[in-house]
Every structure is written in C-alpha cells, then in structure tokens.
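*Asks:* Structure file structure.csv, CSV, N, CA and C atoms, is pasted below:
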```
chain,number,residue,atom,x,y,z
A,24,MET,N,7.0,17.6,-10.7
A,24,MET,CA,5.6,17.1,-10.8
A,24,MET,C,5.3,16.7,-9.3
A,25,ASN,N,4.1,17.1,-8.9
A,25,ASN,CA,3.6,16.8,-7.6
A,25,ASN,C,3.0,15.4,-7.5
A,26,PHE,N,2.7,15.0,-6.3
A,26,PHE,CA,2.2,13.6,-6.1
A,26,PHE,C,0.9,13.4,-6.9
A,27,GLY,N,0.0,14.4,-6.9
A,27,GLY,CA,-1.3,14.3,-7.6
A,27,GLY,C,-1.1,14.1,-9.1
A,28,GLU,N,-0.2,14.9,-9.6
A,28,GLU,CA,0.1,14.8,-11.1
A,28,GLU,C,0.7,13.4,-11.4
A,29,GLU,N,1.6,12.9,-10.5
A,29,GLU,CA,2.2,11.6,-10.8
A,29,GLU,C,1.1,10.5,-10.7
A,30,LEU,N,0.2,10.7,-9.8
A,30,LEU,CA,-0.9,9.7,-9.6
A,30,LEU,C,-1.8,9.6,-10.9
A,31,ILE,N,-2.1,10.8,-11.4
A,31,ILE,CA,-2.9,10.9,-12.6
A,31,ILE,C,-2.2,10.3,-13.8
A,32,GLN,N,-0.9,10.7,-13.9
A,32,GLN,CA,-0.1,10.1,-15.0
A,32,GLN,C,0.0,8.6,-14.9
A,33,SER,N,0.2,8.1,-13.7
A,33,SER,CA,0.2,6.6,-13.5
A,33,SER,C,-1.1,6.0,-13.8
A,34,ALA,N,-2.2,6.6,-13.5
A,34,ALA,CA,-3.5,6.0,-13.8
A,34,ALA,C,-3.7,6.0,-15.3
A,35,ASN,N,-3.3,7.0,-16.0
A,35,ASN,CA,-3.4,7.1,-17.5
A,35,ASN,C,-2.6,6.0,-18.1
A,36,GLU,N,-1.4,5.8,-17.6
A,36,GLU,CA,-0.5,4.8,-18.1
A,36,GLU,C,-1.1,3.4,-17.9
A,37,ALA,N,-1.6,3.2,-16.7
A,37,ALA,CA,-2.3,1.9,-16.3
A,37,ALA,C,-3.4,1.6,-17.3
A,38,LEU,N,-4.2,2.6,-17.5
A,38,LEU,CA,-5.4,2.4,-18.5
A,38,LEU,C,-4.9,2.1,-19.9
A,39,ALA,N,-3.8,2.7,-20.3
A,39,ALA,CA,-3.3,2.4,-21.7
A,39,ALA,C,-2.8,0.9,-21.7
A,40,ILE,N,-2.1,0.5,-20.6
A,40,ILE,CA,-1.7,-0.9,-20.5
A,40,ILE,C,-2.8,-1.8,-20.5
A,41,ALA,N,-3.9,-1.5,-19.8
A,41,ALA,CA,-5.0,-2.4,-19.7
A,41,ALA,C,-5.8,-2.5,-21.0
A,42,LYS,N,-5.7,-1.4,-21.8
A,42,LYS,CA,-6.4,-1.4,-23.1
A,42,LYS,C,-5.5,-2.1,-24.2
A,43,GLY,N,-4.3,-2.4,-23.8
A,43,GLY,CA,-3.3,-3.0,-24.8
A,43,GLY,C,-2.7,-2.0,-25.7
A,44,GLU,N,-2.8,-0.7,-25.3
A,44,GLU,CA,-2.2,0.4,-26.1
A,44,GLU,C,-0.7,0.6,-25.7
A,45,ALA,N,-0.3,0.1,-24.6
A,45,ALA,CA,1.1,0.3,-24.1
A,45,ALA,C,1.5,-1.0,-23.4
A,46,GLU,N,2.8,-1.2,-23.3
A,46,GLU,CA,3.4,-2.3,-22.6
A,46,GLU,C,3.9,-1.8,-21.2
A,47,PRO,N,3.8,-2.6,-20.2
A,47,PRO,CA,4.3,-2.1,-18.9
A,47,PRO,C,5.8,-2.0,-19.0
A,48,ALA,N,6.4,-1.1,-18.3
A,48,ALA,CA,7.9,-0.9,-18.3
A,48,ALA,C,8.5,-2.1,-17.6
A,49,GLY,N,8.5,-2.1,-16.4
A,49,GLY,CA,9.0,-3.2,-15.6
A,49,GLY,C,8.2,-3.3,-14.3
A,50,VAL,N,8.1,-4.4,-13.8
A,50,VAL,CA,7.2,-4.6,-12.6
A,50,VAL,C,8.1,-5.3,-11.6
A,51,PHE,N,8.1,-4.7,-10.4
A,51,PHE,CA,8.7,-5.3,-9.2
A,51,PHE,C,7.7,-5.3,-8.1
A,52,VAL,N,7.4,-6.5,-7.7
A,52,VAL,CA,6.5,-6.7,-6.6
A,52,VAL,C,7.3,-7.5,-5.5
A,53,PRO,N,7.5,-7.0,-4.4
A,53,PRO,CA,8.2,-7.7,-3.4
A,53,PRO,C,7.4,-9.0,-3.0
A,54,GLU,N,8.1,-10.0,-2.6
A,54,GLU,CA,7.4,-11.3,-2.3
A,54,GLU,C,6.6,-11.1,-1.0
A,55,THR,N,7.2,-10.4,0.0
A,55,THR,CA,6.5,-10.2,1.3
A,55,THR,C,6.9,-8.8,1.8
A,56,VAL,N,6.1,-8.4,2.8
A,56,VAL,CA,6.4,-7.2,3.5
A,56,VAL,C,6.3,-7.4,5.0
A,57,ASP,N,7.0,-6.7,5.8
A,57,ASP,CA,6.9,-6.8,7.3
A,57,ASP,C,5.9,-5.7,7.7
A,58,VAL,N,4.6,-6.1,7.8
A,58,VAL,CA,3.5,-5.2,8.2
A,58,VAL,C,3.8,-4.6,9.6
A,59,ALA,N,4.2,-5.4,10.5
A,59,ALA,CA,4.4,-4.9,11.9
A,59,ALA,C,5.5,-3.8,11.9
A,60,ALA,N,6.6,-4.1,11.1
A,60,ALA,CA,7.7,-3.1,11.0
A,60,ALA,C,7.2,-1.8,10.4
A,61,ILE,N,6.4,-1.8,9.4
A,61,ILE,CA,5.9,-0.6,8.8
A,61,ILE,C,5.1,0.1,9.8
A,62,ARG,N,4.2,-0.6,10.4
A,62,ARG,CA,3.3,0.0,11.4
A,62,ARG,C,4.0,0.6,12.5
A,63,LYS,N,5.0,-0.1,13.1
A,63,LYS,CA,5.8,0.4,14.2
A,63,LYS,C,6.6,1.6,13.9
A,64,ARG,N,7.2,1.6,12.6
A,64,ARG,CA,8.0,2.7,12.2
A,64,ARG,C,7.1,4.0,12.1
A,65,LEU,N,5.8,3.8,11.8
A,65,LEU,CA,4.9,4.9,11.7
A,65,LEU,C,4.3,5.3,13.1
A,66,LYS,N,4.7,4.5,14.1
A,66,LYS,CA,4.3,4.7,15.5
A,66,LYS,C,2.7,4.7,15.6
A,67,LEU,N,2.1,3.7,15.0
A,67,LEU,CA,0.7,3.5,15.0
A,67,LEU,C,0.3,2.2,15.6
A,68,SER,N,-0.8,2.2,16.4
A,68,SER,CA,-1.4,0.9,16.8
A,68,SER,C,-1.9,0.2,15.7
A,69,GLN,N,-2.3,-1.1,15.9
A,69,GLN,CA,-2.9,-1.8,14.8
A,69,GLN,C,-4.2,-1.2,14.4
A,70,VAL,N,-5.0,-0.7,15.3
A,70,VAL,CA,-6.3,-0.1,15.0
A,70,VAL,C,-6.0,1.2,14.2
A,71,ALA,N,-5.1,2.1,14.7
A,71,ALA,CA,-4.8,3.3,14.0
A,71,ALA,C,-4.3,3.1,12.6
A,72,PHE,N,-3.4,2.1,12.4
A,72,PHE,CA,-2.9,1.8,11.1
A,72,PHE,C,-4.0,1.4,10.2
A,73,ALA,N,-4.8,0.5,10.7
A,73,ALA,CA,-6.0,0.0,9.9
A,73,ALA,C,-6.9,1.1,9.5
A,74,GLU,N,-7.2,2.0,10.4
A,74,GLU,CA,-8.1,3.1,10.1
A,74,GLU,C,-7.5,4.1,9.1
A,75,ARG,N,-6.2,4.4,9.3
A,75,ARG,CA,-5.6,5.4,8.5
A,75,ARG,C,-5.5,4.9,7.0
A,76,PHE,N,-5.3,3.6,6.8
A,76,PHE,CA,-5.1,3.1,5.5
A,76,PHE,C,-6.3,2.3,5.0
A,77,CYS,N,-7.4,2.4,5.6
A,77,CYS,CA,-8.7,1.8,5.2
A,77,CYS,C,-8.6,0.3,5.1
A,78,LEU,N,-8.0,-0.3,6.1
A,78,LEU,CA,-7.8,-1.8,6.1
A,78,LEU,C,-8.6,-2.3,7.3
A,79,PRO,N,-9.1,-3.5,7.2
A,79,PRO,CA,-9.8,-4.2,8.3
A,79,PRO,C,-8.8,-4.5,9.4
A,80,VAL,N,-9.0,-4.1,10.6
A,80,VAL,CA,-8.1,-4.3,11.7
A,80,VAL,C,-7.8,-5.8,11.9
A,81,GLY,N,-8.8,-6.7,11.7
A,81,GLY,CA,-8.6,-8.1,11.8
A,81,GLY,C,-7.6,-8.6,10.8
A,82,THR,N,-7.6,-8.0,9.6
A,82,THR,CA,-6.7,-8.4,8.5
A,82,THR,C,-5.2,-8.0,8.9
A,83,VAL,N,-5.1,-6.8,9.4
A,83,VAL,CA,-3.8,-6.3,9.9
A,83,VAL,C,-3.2,-7.3,11.0
A,84,ARG,N,-4.1,-7.7,11.9
A,84,ARG,CA,-3.7,-8.6,13.0
A,84,ARG,C,-3.3,-9.9,12.4
A,85,ASP,N,-4.1,-10.4,11.5
A,85,ASP,CA,-3.8,-11.7,10.8
A,85,ASP,C,-2.4,-11.7,10.1
A,86,TRP,N,-2.2,-10.6,9.4
A,86,TRP,CA,-0.9,-10.5,8.7
A,86,TRP,C,0.3,-10.5,9.7
A,87,GLU,N,0.1,-9.7,10.7
A,87,GLU,CA,1.2,-9.5,11.7
A,87,GLU,C,1.5,-10.8,12.5
A,88,GLN,N,0.4,-11.6,12.7
A,88,GLN,CA,0.5,-12.8,13.5
A,88,GLN,C,0.7,-14.0,12.5
A,89,GLU,N,0.9,-13.7,11.3
A,89,GLU,CA,1.2,-14.7,10.2
A,89,GLU,C,0.1,-15.8,10.1
A,90,ARG,N,-1.1,-15.5,10.5
A,90,ARG,CA,-2.2,-16.4,10.2
A,90,ARG,C,-2.7,-16.3,8.8
A,91,ARG,N,-2.4,-15.2,8.1
A,91,ARG,CA,-2.7,-15.0,6.7
A,91,ARG,C,-1.5,-14.1,6.1
A,92,SER,N,-1.3,-14.2,4.8
A,92,SER,CA,-0.3,-13.4,4.2
A,92,SER,C,-1.0,-12.4,3.2
A,93,PRO,N,-0.5,-11.2,3.1
A,93,PRO,CA,-1.1,-10.3,2.2
A,93,PRO,C,-1.0,-10.8,0.7
A,94,ASP,N,-2.1,-10.7,0.0
A,94,ASP,CA,-2.1,-11.1,-1.4
A,94,ASP,C,-1.3,-10.1,-2.2
A,95,ARG,N,-1.1,-10.3,-3.5
A,95,ARG,CA,-0.2,-9.5,-4.3
A,95,ARG,C,-0.6,-8.0,-4.2
A,96,ALA,N,-1.9,-7.7,-4.4
A,96,ALA,CA,-2.4,-6.3,-4.3
A,96,ALA,C,-2.1,-5.7,-3.0
A,97,ALA,N,-2.3,-6.4,-1.9
A,97,ALA,CA,-2.0,-5.9,-0.6
A,97,ALA,C,-0.5,-5.6,-0.4
A,98,VAL,N,0.3,-6.5,-0.9
A,98,VAL,CA,1.8,-6.3,-0.8
A,98,VAL,C,2.2,-5.0,-1.5
A,99,VAL,N,1.6,-4.8,-2.7
A,99,VAL,CA,1.9,-3.6,-3.4
A,99,VAL,C,1.4,-2.3,-2.6
A,100,LEU,N,0.2,-2.4,-2.1
A,100,LEU,CA,-0.3,-1.3,-1.3
A,100,LEU,C,0.6,-1.1,0.0
A,101,LEU,N,1.0,-2.1,0.7
A,101,LEU,CA,1.8,-2.0,1.8
A,101,LEU,C,3.2,-1.5,1.5
A,102,SER,N,3.7,-1.8,0.3
A,102,SER,CA,5.0,-1.3,-0.1
A,102,SER,C,5.0,0.2,-0.4
A,103,ILE,N,3.8,0.6,-1.0
A,103,ILE,CA,3.6,2.0,-1.2
A,103,ILE,C,3.5,2.8,0.1
A,104,ILE,N,2.7,2.2,1.0
A,104,ILE,CA,2.6,2.8,2.3
A,104,ILE,C,3.9,3.0,3.0
A,105,ASP,N,4.8,1.9,2.9
A,105,ASP,CA,6.1,2.0,3.4
A,105,ASP,C,6.9,3.1,2.9
A,106,ARG,N,6.8,3.4,1.6
A,106,ARG,CA,7.6,4.4,0.9
A,106,ARG,C,7.0,5.8,1.1
A,107,ASN,N,5.7,5.9,1.1
A,107,ASN,CA,5.0,7.2,1.1
A,107,ASN,C,3.7,7.2,1.9
A,108,PRO,N,3.8,7.0,3.2
A,108,PRO,CA,2.6,6.9,4.0
A,108,PRO,C,1.7,8.1,4.0
A,109,GLU,N,2.3,9.3,4.0
A,109,GLU,CA,1.5,10.5,4.0
A,109,GLU,C,0.7,10.6,2.7
A,110,GLY,N,1.4,10.3,1.5
A,110,GLY,CA,0.7,10.4,0.3
A,110,GLY,C,-0.5,9.4,0.2
A,111,VAL,N,-0.3,8.2,0.7
A,111,VAL,CA,-1.4,7.2,0.6
A,111,VAL,C,-2.5,7.7,1.5
A,112,ALA,N,-2.2,8.2,2.7
A,112,ALA,CA,-3.2,8.6,3.7
A,112,ALA,C,-4.0,9.8,3.1
A,113,LYS,N,-3.3,10.7,2.4
A,113,LYS,CA,-4.0,11.9,1.8
A,113,LYS,C,-4.9,11.4,0.7
A,114,THR,N,-4.4,10.5,-0.1
A,114,THR,CA,-5.2,10.0,-1.3
A,114,THR,C,-6.4,9.3,-0.8
A,115,LEU,N,-6.3,8.5,0.2
A,115,LEU,CA,-7.5,7.8,0.8
A,115,LEU,C,-8.4,8.7,1.4
A,116,ALA,N,-7.9,9.7,2.1
A,116,ALA,CA,-8.8,10.7,2.8
A,116,ALA,C,-9.6,11.5,1.8
A,117,ALA,N,-9.0,11.8,0.6
A,117,ALA,CA,-9.6,12.6,-0.4
A,117,ALA,C,-10.8,11.8,-1.1
A,118,GLY,N,-10.7,10.5,-1.1
A,118,GLY,CA,-11.7,9.7,-1.8
A,118,GLY,C,-12.8,9.3,-1.0
```
For this file, produce the structure as structure tokens.
*Replies:*
Amino acid sequence: MNFGEELIQSANEALAIAKGEAEPAGVFVPETVDVAAIRKRLKLSQVAFAERFCLPVGTVRDWEQERRSPDRAAVVLLSIIDRNPEGVAKTLAAG
C-alpha cells in the first residue's frame, strides 16, 4: 500500500471513529518533541522549515526558544514530520 492509499484509509478510519461507528485502536501522542532537532536533522533553516510544512515562522521560533509549547495537534504533526518529512511535504504541496 502506498502513502496515498494509507492516508485515505486513515481518513476513512478517522471518520468512522468520529461518527461513533468504530473505536480507536490505540493512541500514542508524545508529550513533547524537539522541534530544533527535527529541523536541524532535515538541514533546514527556521524559515525553510516553516515554509515547507506550512507553519508560521514565528511559531517555530517560539517553540524552539521555549516561549511556547506545541499543542497536542502540533505535537502529532511534528512527530509525523519527524518520521516522514517527504510524505508530509508532498501532501501539503498537493493541497
């Protein structure tokens, strides 16, 4: 199954869960992520990282300088970026 097919399957599963037609399997959301480490591993500046993943550059700076912490949804997104940055970038570029 390719990434696109997995994404569609995941969206269908999420919809079924939201409608109450299915129960979530298990959920793991890390408590925190090291935004700077992810960005540096990808060899991107803060501006390039923000642009690539459709994030406000000020938010990326605030996370890295610990003036703010990513909320739960942002932690999930950043965790996915950490695991599959190309897939996230392609998905965002397509939309």
*Asks:* So which bits of stretch 37-99 of chain A end up alpha helix (DSSP H) when you DSSP the backbone, as an MDAnalysis selection string?
*Replies:* chainID A and resid 37:41 58:64 69:75 80:87 95:99
*Asks:* Atom N of A:Cys77 and atom CA of A:Glu36 are how many Å apart?
*Replies:*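 That distance, rounded to one decimal, is 24.8 Å.
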*Asks:* Report the distance between atom C of A:Ile61 and atom CA of A:Ile104 in Å, rounded to one decimal place.
*Replies:*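 These atoms are spaced 8.4 Å apart.
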*Asks:* Kindly extract all protein, DNA and RNA residues lying within 10 Å of the coordinates (-6.7, -6.2, 4.9) given in the file, considering only C-alpha atoms, and supply them as an MDAnalysis selection string.
*Replies:* chainID A and resid 73 76:86 91:94 97 101
*Asks:* For atom N of A:Arg75 and atom CA of A:Ala112, quote the distance in Å rounded to one decimal.
*Replies:*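 Here the two named atoms are 7.6 Å from each other.
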*Asks:* Around (3.0, -11.9, -2.6), as given in the file, which residues come within 6.5 Å? Count only N, CA and C atoms and list them as an MDAnalysis selection string.
*Replies:* chainID A and resid 53:55 93:95 98
*Asks:* Output N, CA and C atoms for every residue in the selection just made, as a short mmCIF file (atom, residue, chain, number, x, y, z; two decimals), in the frame of the given file.
*Replies:*
```cif
data_model
loop_
_atom_site.label_atom_id
_atom_site.label_comp_id
_atom_site.auth_asym_id
_atom_site.auth_seq_id
_atom_site.Cartn_x
_atom_site.Cartn_y
_atom_site.Cartn_z
N PRO A 53 7.50 -7.00 -4.40
CA PRO A 53 8.20 -7.70 -3.40
C PRO A 53 7.40 -9.00 -3.00
N GLU A 54 8.10 -10.00 -2.60
CA GLU A 54 7.40 -11.30 -2.30
C GLU A 54 6.60 -11.10 -1.00
N THR A 55 7.20 -10.40 0.00
CA THR A 55 6.50 -10.20 1.30
C THR A 55 6.90 -8.80 1.80
N PRO A 93 -0.50 -11.20 3.10
CA PRO A 93 -1.10 -10.30 2.20
C PRO A 93 -1.00 -10.80 0.70
N ASP A 94 -2.10 -10.70 0.00
CA ASP A 94 -2.10 -11.10 -1.40
C ASP A 94 -1.30 -10.10 -2.20
N ARG A 95 -1.10 -10.30 -3.50
CA ARG A 95 -0.20 -9.50 -4.30
C ARG A 95 -0.60 -8.00 -4.20
N VAL A 98 0.30 -6.50 -0.90
CA VAL A 98 1.80 -6.30 -0.80
C VAL A 98 2.20 -5.00 -1.50
#
```
*Asks:* Calculated over all atoms listed in the file, which of the candidates A:Ile103, A:Ala71, A:Ala59, A:Ala48 has the smallest distance to A:Glu87?
*Replies:* A:Ala59
*Asks:* Leaving out A:Asn25 and any residue of its chain fewer than 6 positions from it, which residues lie within 12 Å of it when counting only C-alpha atoms, given as a list in words?
*Replies:*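 Skipping anything fewer than 6 positions along the chain leaves Ile31, Gln32 and Gly110 of chain A.
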*Asks:* Please produce a file of the residues just selected, as a tab-separated table (two decimals), keeping the file's coordinate frame, where the atoms kept are N, CA and C atoms.
*Replies:*
```
chain	number	residue	atom	x	y	z
A	31	ILE	N	-2.10	10.80	-11.40
A	31	ILE	CA	-2.90	10.90	-12.60
A	31	ILE	C	-2.20	10.30	-13.80
A	32	GLN	N	-0.90	10.70	-13.90
A	32	GLN	CA	-0.10	10.10	-15.00
A	32	GLN	C	0.00	8.60	-14.90
A	110	GLY	N	1.40	10.30	1.50
A	110	GLY	CA	0.70	10.40	0.30
A	110	GLY	C	-0.50	9.40	0.20
```
*Asks:* Compile the contact shell of A:Glu46 as a ChimeraX atom specification: residues with an atom at most 12 Å away, counting only C-alpha atoms, same-chain residues fewer than 5 positions apart removed.
*Replies:* /A:36-41
*Asks:* Please reconstruct the missing atoms of stretch 83-94 of chain A (target: all heavy atoms) and return them as a PDB file, keeping the file's coordinate frame.
*Replies:*
```pdb
ATOM      1  N   VAL A  83      -5.100  -6.800   9.400  1.00  0.00           N
ATOM      2  CA  VAL A  83      -3.800  -6.300   9.900  1.00  0.00           C
ATOM      3  C   VAL A  83      -3.200  -7.300  11.000  1.00  0.00           C
ATOM      4  O   VAL A  83      -2.072  -7.724  10.922  1.00  0.00           O
ATOM      5  CB  VAL A  83      -3.798  -4.885  10.402  1.00  0.00           C
ATOM      6  CG1 VAL A  83      -2.469  -4.480  11.029  1.00  0.00           C
ATOM      7  CG2 VAL A  83      -4.171  -3.930   9.273  1.00  0.00           C
ATOM      8  N   ARG A  84      -4.100  -7.700  11.900  1.00  0.00           N
ATOM      9  CA  ARG A  84      -3.700  -8.600  13.000  1.00  0.00           C
ATOM     10  C   ARG A  84      -3.300  -9.900  12.400  1.00  0.00           C
ATOM     11  O   ARG A  84      -2.255 -10.517  12.777  1.00  0.00           O
ATOM     12  CB  ARG A  84      -4.810  -8.783  13.971  1.00  0.00           C
ATOM     13  CG  ARG A  84      -5.006  -7.605  14.878  1.00  0.00           C
ATOM     14  CD  ARG A  84      -6.034  -7.909  15.962  1.00  0.00           C
ATOM     15  NE  ARG A  84      -6.264  -6.703  16.732  1.00  0.00           N
ATOM     16  CZ  ARG A  84      -7.443  -6.141  16.922  1.00  0.00           C
ATOM     17  NH1 ARG A  84      -8.537  -6.702  16.427  1.00  0.00           N
ATOM     18  NH2 ARG A  84      -7.553  -5.037  17.616  1.00  0.00           N
ATOM     19  N   ASP A  85      -4.100 -10.400  11.500  1.00  0.00           N
ATOM     20  CA  ASP A  85      -3.800 -11.700  10.800  1.00  0.00           C
ATOM     21  C   ASP A  85      -2.400 -11.700  10.100  1.00  0.00           C
ATOM     22  O   ASP A  85      -1.658 -12.654  10.168  1.00  0.00           O
ATOM     23  CB  ASP A  85      -4.880 -12.149   9.874  1.00  0.00           C
ATOM     24  CG  ASP A  85      -6.137 -12.626  10.582  1.00  0.00           C
ATOM     25  OD1 ASP A  85      -6.088 -12.866  11.818  1.00  0.00           O
ATOM     26  OD2 ASP A  85      -7.171 -12.758   9.909  1.00  0.00           O
ATOM     27  N   TRP A  86      -2.200 -10.600   9.400  1.00  0.00           N
ATOM     28  CA  TRP A  86      -0.900 -10.500   8.700  1.00  0.00           C
ATOM     29  C   TRP A  86       0.300 -10.500   9.700  1.00  0.00           C
ATOM     30  O   TRP A  86       1.274 -11.146   9.508  1.00  0.00           O
ATOM     31  CB  TRP A  86      -0.824  -9.195   7.873  1.00  0.00           C
ATOM     32  CG  TRP A  86      -1.712  -9.165   6.664  1.00  0.00           C
ATOM     33  CD1 TRP A  86      -2.219 -10.241   5.979  1.00  0.00           C
ATOM     34  CD2 TRP A  86      -2.168  -8.007   5.978  1.00  0.00           C
ATOM     35  NE1 TRP A  86      -2.966  -9.802   4.920  1.00  0.00           N
ATOM     36  CE2 TRP A  86      -2.959  -8.436   4.890  1.00  0.00           C
ATOM     37  CE3 TRP A  86      -2.002  -6.645   6.172  1.00  0.00           C
ATOM     38  CZ2 TRP A  86      -3.565  -7.556   3.996  1.00  0.00           C
ATOM     39  CZ3 TRP A  86      -2.606  -5.758   5.290  1.00  0.00           C
ATOM     40  CH2 TRP A  86      -3.383  -6.222   4.210  1.00  0.00           C
ATOM     41  N   GLU A  87       0.100  -9.700  10.700  1.00  0.00           N
ATOM     42  CA  GLU A  87       1.200  -9.500  11.700  1.00  0.00           C
ATOM     43  C   GLU A  87       1.500 -10.800  12.500  1.00  0.00           C
ATOM     44  O   GLU A  87       2.589 -11.158  12.816  1.00  0.00           O
ATOM     45  CB  GLU A  87       0.939  -8.398  12.670  1.00  0.00           C
ATOM     46  CG  GLU A  87       1.072  -7.040  12.017  1.00  0.00           C
ATOM     47  CD  GLU A  87       1.064  -5.891  13.001  1.00  0.00           C
ATOM     48  OE1 GLU A  87       1.218  -6.132  14.216  1.00  0.00           O
ATOM     49  OE2 GLU A  87       0.911  -4.746  12.541  1.00  0.00           O
ATOM     50  N   GLN A  88       0.400 -11.600  12.700  1.00  0.00           N
ATOM     51  CA  GLN A  88       0.500 -12.800  13.500  1.00  0.00           C
ATOM     52  C   GLN A  88       0.700 -14.000  12.500  1.00  0.00           C
ATOM     53  O   GLN A  88       0.724 -15.180  12.987  1.00  0.00           O
ATOM     54  CB  GLN A  88      -0.678 -13.030  14.390  1.00  0.00           C
ATOM     55  CG  GLN A  88      -0.744 -11.956  15.460  1.00  0.00           C
ATOM     56  CD  GLN A  88      -2.035 -11.974  16.257  1.00  0.00           C
ATOM     57  OE1 GLN A  88      -2.858 -12.870  16.115  1.00  0.00           O
ATOM     58  NE2 GLN A  88      -2.207 -10.969  17.102  1.00  0.00           N
ATOM     59  N   GLU A  89       0.900 -13.700  11.300  1.00  0.00           N
ATOM     60  CA  GLU A  89       1.200 -14.700  10.200  1.00  0.00           C
ATOM     61  C   GLU A  89       0.100 -15.800  10.100  1.00  0.00           C
ATOM     62  O   GLU A  89       0.399 -16.950   9.731  1.00  0.00           O
ATOM     63  CB  GLU A  89       2.576 -15.304  10.398  1.00  0.00           C
ATOM     64  CG  GLU A  89       3.645 -14.243  10.254  1.00  0.00           C
ATOM     65  CD  GLU A  89       5.054 -14.780  10.364  1.00  0.00           C
ATOM     66  OE1 GLU A  89       5.229 -16.003  10.549  1.00  0.00           O
ATOM     67  OE2 GLU A  89       5.982 -13.965  10.271  1.00  0.00           O
ATOM     68  N   ARG A  90      -1.100 -15.500  10.500  1.00  0.00           N
ATOM     69  CA  ARG A  90      -2.200 -16.400  10.200  1.00  0.00           C
ATOM     70  C   ARG A  90      -2.700 -16.300   8.800  1.00  0.00           C
ATOM     71  O   ARG A  90      -3.209 -17.254   8.210  1.00  0.00           O
ATOM     72  CB  ARG A  90      -3.425 -16.047  11.119  1.00  0.00           C
ATOM     73  CG  ARG A  90      -3.177 -16.386  12.576  1.00  0.00           C
ATOM     74  CD  ARG A  90      -4.449 -16.288  13.394  1.00  0.00           C
ATOM     75  NE  ARG A  90      -4.947 -14.930  13.445  1.00  0.00           N
ATOM     76  CZ  ARG A  90      -4.913 -14.155  14.519  1.00  0.00           C
ATOM     77  NH1 ARG A  90      -4.380 -14.599  15.636  1.00  0.00           N
ATOM     78  NH2 ARG A  90      -5.402 -12.939  14.479  1.00  0.00           N
ATOM     79  N   ARG A  91      -2.400 -15.200   8.100  1.00  0.00           N
ATOM     80  CA  ARG A  91      -2.700 -15.000   6.700  1.00  0.00           C
ATOM     81  C   ARG A  91      -1.500 -14.100   6.100  1.00  0.00           C
ATOM     82  O   ARG A  91      -0.836 -13.412   6.879  1.00  0.00           O
ATOM     83  CB  ARG A  91      -3.963 -14.195   6.493  1.00  0.00           C
ATOM     84  CG  ARG A  91      -5.194 -14.996   6.814  1.00  0.00           C
ATOM     85  CD  ARG A  91      -6.484 -14.240   6.587  1.00  0.00           C
ATOM     86  NE  ARG A  91      -6.502 -13.479   5.340  1.00  0.00           N
ATOM     87  CZ  ARG A  91      -7.280 -12.431   5.132  1.00  0.00           C
ATOM     88  NH1 ARG A  91      -8.087 -12.004   6.072  1.00  0.00           N
ATOM     89  NH2 ARG A  91      -7.255 -11.795   3.982  1.00  0.00           N
ATOM     90  N   SER A  92      -1.300 -14.200   4.800  1.00  0.00           N
ATOM     91  CA  SER A  92      -0.300 -13.400   4.200  1.00  0.00           C
ATOM     92  C   SER A  92      -1.000 -12.400   3.200  1.00  0.00           C
ATOM     93  O   SER A  92      -2.042 -12.810   2.630  1.00  0.00           O
ATOM     94  CB  SER A  92       0.607 -14.306   3.326  1.00  0.00           C
ATOM     95  OG  SER A  92       1.325 -15.165   4.160  1.00  0.00           O
ATOM     96  N   PRO A  93      -0.500 -11.200   3.100  1.00  0.00           N
ATOM     97  CA  PRO A  93      -1.100 -10.300   2.200  1.00  0.00           C
ATOM     98  C   PRO A  93      -1.000 -10.800   0.700  1.00  0.00           C
ATOM     99  O   PRO A  93      -0.036 -11.435   0.350  1.00  0.00           O
ATOM    100  CB  PRO A  93      -0.220  -9.034   2.295  1.00  0.00           C
ATOM    101  CG  PRO A  93       0.568  -9.209   3.545  1.00  0.00           C
ATOM    102  CD  PRO A  93       0.664 -10.674   3.798  1.00  0.00           C
ATOM    103  N   ASP A  94      -2.100 -10.700   0.000  1.00  0.00           N
ATOM    104  CA  ASP A  94      -2.100 -11.100  -1.400  1.00  0.00           C
ATOM    105  C   ASP A  94      -1.300 -10.100  -2.200  1.00  0.00           C
ATOM    106  O   ASP A  94      -0.757  -9.076  -1.616  1.00  0.00           O
ATOM    107  CB  ASP A  94      -3.517 -11.210  -1.991  1.00  0.00           C
ATOM    108  CG  ASP A  94      -4.309  -9.913  -2.001  1.00  0.00           C
ATOM    109  OD1 ASP A  94      -3.725  -8.817  -1.866  1.00  0.00           O
ATOM    110  OD2 ASP A  94      -5.539  -9.982  -2.147  1.00  0.00           O
TER     111      ASP A  94
END
```
